[in-house]
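Asks: I have a structure here, written as structure tokens, and I will follow up with some questions on it.
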Amino acid sequence: MSLDRSEAAALSRLFSATVLRELGKQGRSPLFARLVDHTRLATYMSPKETVGTAFDKAFELLSKSRFRDDYVYRTAITEKIVLGRHNLNTATLLNEVRAGSCKADVVILNGTSTAYEIKSERDSLSRLQNQIFNYRQVFATVNVVVSKSHLSEVLKATPEDVGVITLSERFRFQTSREAQSRAERIVPRMALEVLRVDEAAAVLTRLGLEVPGVPNTQIRSELDRIFAELDPTAVHEELVKTLRASRSQANLASFIDSIPASIRAASLAAKPNPKSRIRIKEAVDTPLAEALAWN
């Protein structure tokens, strides 16, 4: 089954926050049914197969198409790095993390912080240099994950300490340049922007410093003043420890293991509560023929 652009776009939307939100709230997704109806996906599957199988088939088609999107790359990072090299007890995955005027696509926290900027076949490289400039001031390690069509240009456009990884047509990572960990180069005031006020207070406490006792309207500017004087490496170390504790996804581990691999990245981004997890699990086990009537 060769996808055209509109069909690929419809299959991509199957993995959107809207579909996951509907599944989590209602145990069904009218949008899922409409999107499947707009593609040939159902004709390649038995009606007895499940919604989960449909998600996996849709992802397989997308990952092998000329229209691989951001989600294909996010799934590769989730499956091969977060759940492959690590697990949710030892690593935390964050999406769209603020770094100066930019947002890093994916950040993984284990013993350090690693940012991943995705440049898929659909992406332009026009903002890449500014993105990397900002990420290097917040995260110890920075990687760009690219399609082969972008590889040569990305290698030329990025500093030697930035890793460059391609996602092959066979859905495998190939490292063209290893990233270097450089926690000493981060700018504490910029790293502060990643933290909520309570998290910033926890970092100061871990460093043996007093949390400023000022009104809420002044707390951010006071934290900014304090962080500007701190050692970059020390701030980075405590920032990673704090965020891993405050944003841990360990409680999602058994749920993530129980659902199709194709929707794990979307589910981690959605952070479903216990009731929503039950509904999502029931939904993905629903026969496809029944799900098409969700419309």
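By convention here, the chains of the structure tokens are called A, B, ... in the order presented, each chain's residues are numbered starting at 1, and ligands are numbered starting at 1 in the order presented.
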For the structure I just gave you, how does DSSP split range 81-273 of chain A - specifically, which residues are alpha helix (DSSP H)? Reply as JSON, numbers by chain.

Replies: {"A": [128, 129, 130, 131, 132, 133, 134, 135, 151, 152, 153, 154, 155, 156, 157, 188, 189, 190, 191, 192, 197, 198, 199, 200, 201, 202, 203, 204, 205, 206, 216, 217, 218, 219, 220, 221, 222, 223, 224, 225, 226, 227, 232, 233, 234, 235, 236, 237, 238, 239, 240, 241, 242, 243, 244, 245, 246, 253, 254, 255, 256, 257, 258, 264, 265, 266, 267, 268, 269, 270]}

Asks: With only C-alpha atoms as the counted atoms, please give the residues lying no more than 7 Å from Ala202 in chain A, apart from itself and same-chain residues fewer than 4 positions off, as a VMD selection string.

Replies: chain A and resid 198 206 242

Asks: Restricted to C-alpha atoms, what would the selected residues look like written as a compact mmCIF listing (two decimals), in the first residue's frame?

Replies:
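Output (again.txt):
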```
# COMPACT_ATOMS: atom_id res chain seq x y z
CA ASP A 198 8.66 24.57 43.33
CA ARG A 206 19.72 20.55 47.07
CA THR A 242 14.80 17.33 40.61
```

Asks: When you look at range 15-29 of chain A with a cut-off of 8 Å (counting only C-alpha atoms), what residues show up, excluding the ones that are within fewer than 5 positions of it in the same chain? I need them as an MDAnalysis selection string.

Replies: chainID A and resid 71 263 266:267 270 272 275:280 282:283 291 294:295

Asks: Please write the residues from the selection above to a file, keeping N, CA and C atoms, as a PDB file, in the first residue's frame.

Replies:
```
ATOM      1  N   TYR A  71       6.083  12.330  14.358  1.00  0.00           N
ATOM      2  CA  TYR A  71       5.680  11.266  15.279  1.00  0.00           C
ATOM      3  C   TYR A  71       6.452   9.971  15.037  1.00  0.00           C
ATOM      4  N   ILE A 263       1.522   3.449  19.873  1.00  0.00           N
ATOM      5  CA  ILE A 263       0.892   4.576  20.593  1.00  0.00           C
ATOM      6  C   ILE A 263       1.584   4.881  21.926  1.00  0.00           C
ATOM      7  N   ALA A 266       2.723   8.625  22.030  1.00  0.00           N
ATOM      8  CA  ALA A 266       1.552   9.494  22.192  1.00  0.00           C
ATOM      9  C   ALA A 266       1.000   9.400  23.606  1.00  0.00           C
ATOM     10  N   SER A 267       1.002   8.203  24.166  1.00  0.00           N
ATOM     11  CA  SER A 267       0.464   8.009  25.518  1.00  0.00           C
ATOM     12  C   SER A 267       1.351   8.644  26.577  1.00  0.00           C
ATOM     13  N   ALA A 270       0.563  12.227  26.515  1.00  0.00           N
ATOM     14  CA  ALA A 270      -0.775  12.522  27.040  1.00  0.00           C
ATOM     15  C   ALA A 270      -0.847  12.423  28.559  1.00  0.00           C
ATOM     16  N   PRO A 272      -1.950  10.016  30.708  1.00  0.00           N
ATOM     17  CA  PRO A 272      -3.311   9.694  31.148  1.00  0.00           C
ATOM     18  C   PRO A 272      -3.383   9.311  32.623  1.00  0.00           C
ATOM     19  N   LYS A 275      -7.942   6.245  35.387  1.00  0.00           N
ATOM     20  CA  LYS A 275      -9.198   5.913  34.712  1.00  0.00           C
ATOM     21  C   LYS A 275      -9.047   5.991  33.193  1.00  0.00           C
ATOM     22  N   SER A 276      -8.314   6.990  32.728  1.00  0.00           N
ATOM     23  CA  SER A 276      -8.095   7.126  31.283  1.00  0.00           C
ATOM     24  C   SER A 276      -7.281   5.965  30.732  1.00  0.00           C
ATOM     25  N   ARG A 277      -6.329   5.471  31.514  1.00  0.00           N
ATOM     26  CA  ARG A 277      -5.529   4.322  31.077  1.00  0.00           C
ATOM     27  C   ARG A 277      -6.415   3.112  30.848  1.00  0.00           C
ATOM     28  N   ILE A 278      -7.371   2.889  31.753  1.00  0.00           N
ATOM     29  CA  ILE A 278      -8.283   1.750  31.618  1.00  0.00           C
ATOM     30  C   ILE A 278      -9.105   1.891  30.332  1.00  0.00           C
ATOM     31  N   ARG A 279      -9.595   3.118  30.080  1.00  0.00           N
ATOM     32  CA  ARG A 279     -10.412   3.329  28.881  1.00  0.00           C
ATOM     33  C   ARG A 279      -9.592   3.156  27.606  1.00  0.00           C
ATOM     34  N   ILE A 280      -8.359   3.661  27.611  1.00  0.00           N
ATOM     35  CA  ILE A 280      -7.498   3.512  26.427  1.00  0.00           C
ATOM     36  C   ILE A 280      -7.215   2.036  26.157  1.00  0.00           C
ATOM     37  N   GLU A 282      -9.031  -0.561  27.030  1.00  0.00           N
ATOM     38  CA  GLU A 282     -10.259  -1.194  26.531  1.00  0.00           C
ATOM     39  C   GLU A 282     -10.495  -0.814  25.067  1.00  0.00           C
ATOM     40  N   ALA A 283     -10.218   0.449  24.725  1.00  0.00           N
ATOM     41  CA  ALA A 283     -10.436   0.921  23.353  1.00  0.00           C
ATOM     42  C   ALA A 283      -9.532   0.208  22.361  1.00  0.00           C
ATOM     43  N   ALA A 291     -15.277  -0.442  16.168  1.00  0.00           N
ATOM     44  CA  ALA A 291     -14.731   0.913  16.305  1.00  0.00           C
ATOM     45  C   ALA A 291     -15.126   1.814  15.157  1.00  0.00           C
ATOM     46  N   TRP A 294     -17.941   4.044  15.758  1.00  0.00           N
ATOM     47  CA  TRP A 294     -17.799   5.152  16.720  1.00  0.00           C
ATOM     48  C   TRP A 294     -18.238   6.478  16.102  1.00  0.00           C
ATOM     49  N   ASN A 295     -18.233   6.528  14.804  1.00  0.00           N
ATOM     50  CA  ASN A 295     -18.641   7.741  14.096  1.00  0.00           C
ATOM     51  C   ASN A 295     -20.034   8.157  14.507  1.00  0.00           C
TER      52      ASN A 295
END
```

Asks: Please measure the separation of CA of Ala115 in chain A and CA of Ala140 in chain A, giving the value in Å to one decimal.

Replies: 8.1 Å

Asks: Could you check the closest approach to Arg177 in chain A for each of A:Leu195, A:Val235, A:Ile118, A:Leu155 and tell me which residue wins, using only C-alpha atoms?

Replies: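 Among the listed residues, A:Leu155 lies closest to Arg177 in chain A.
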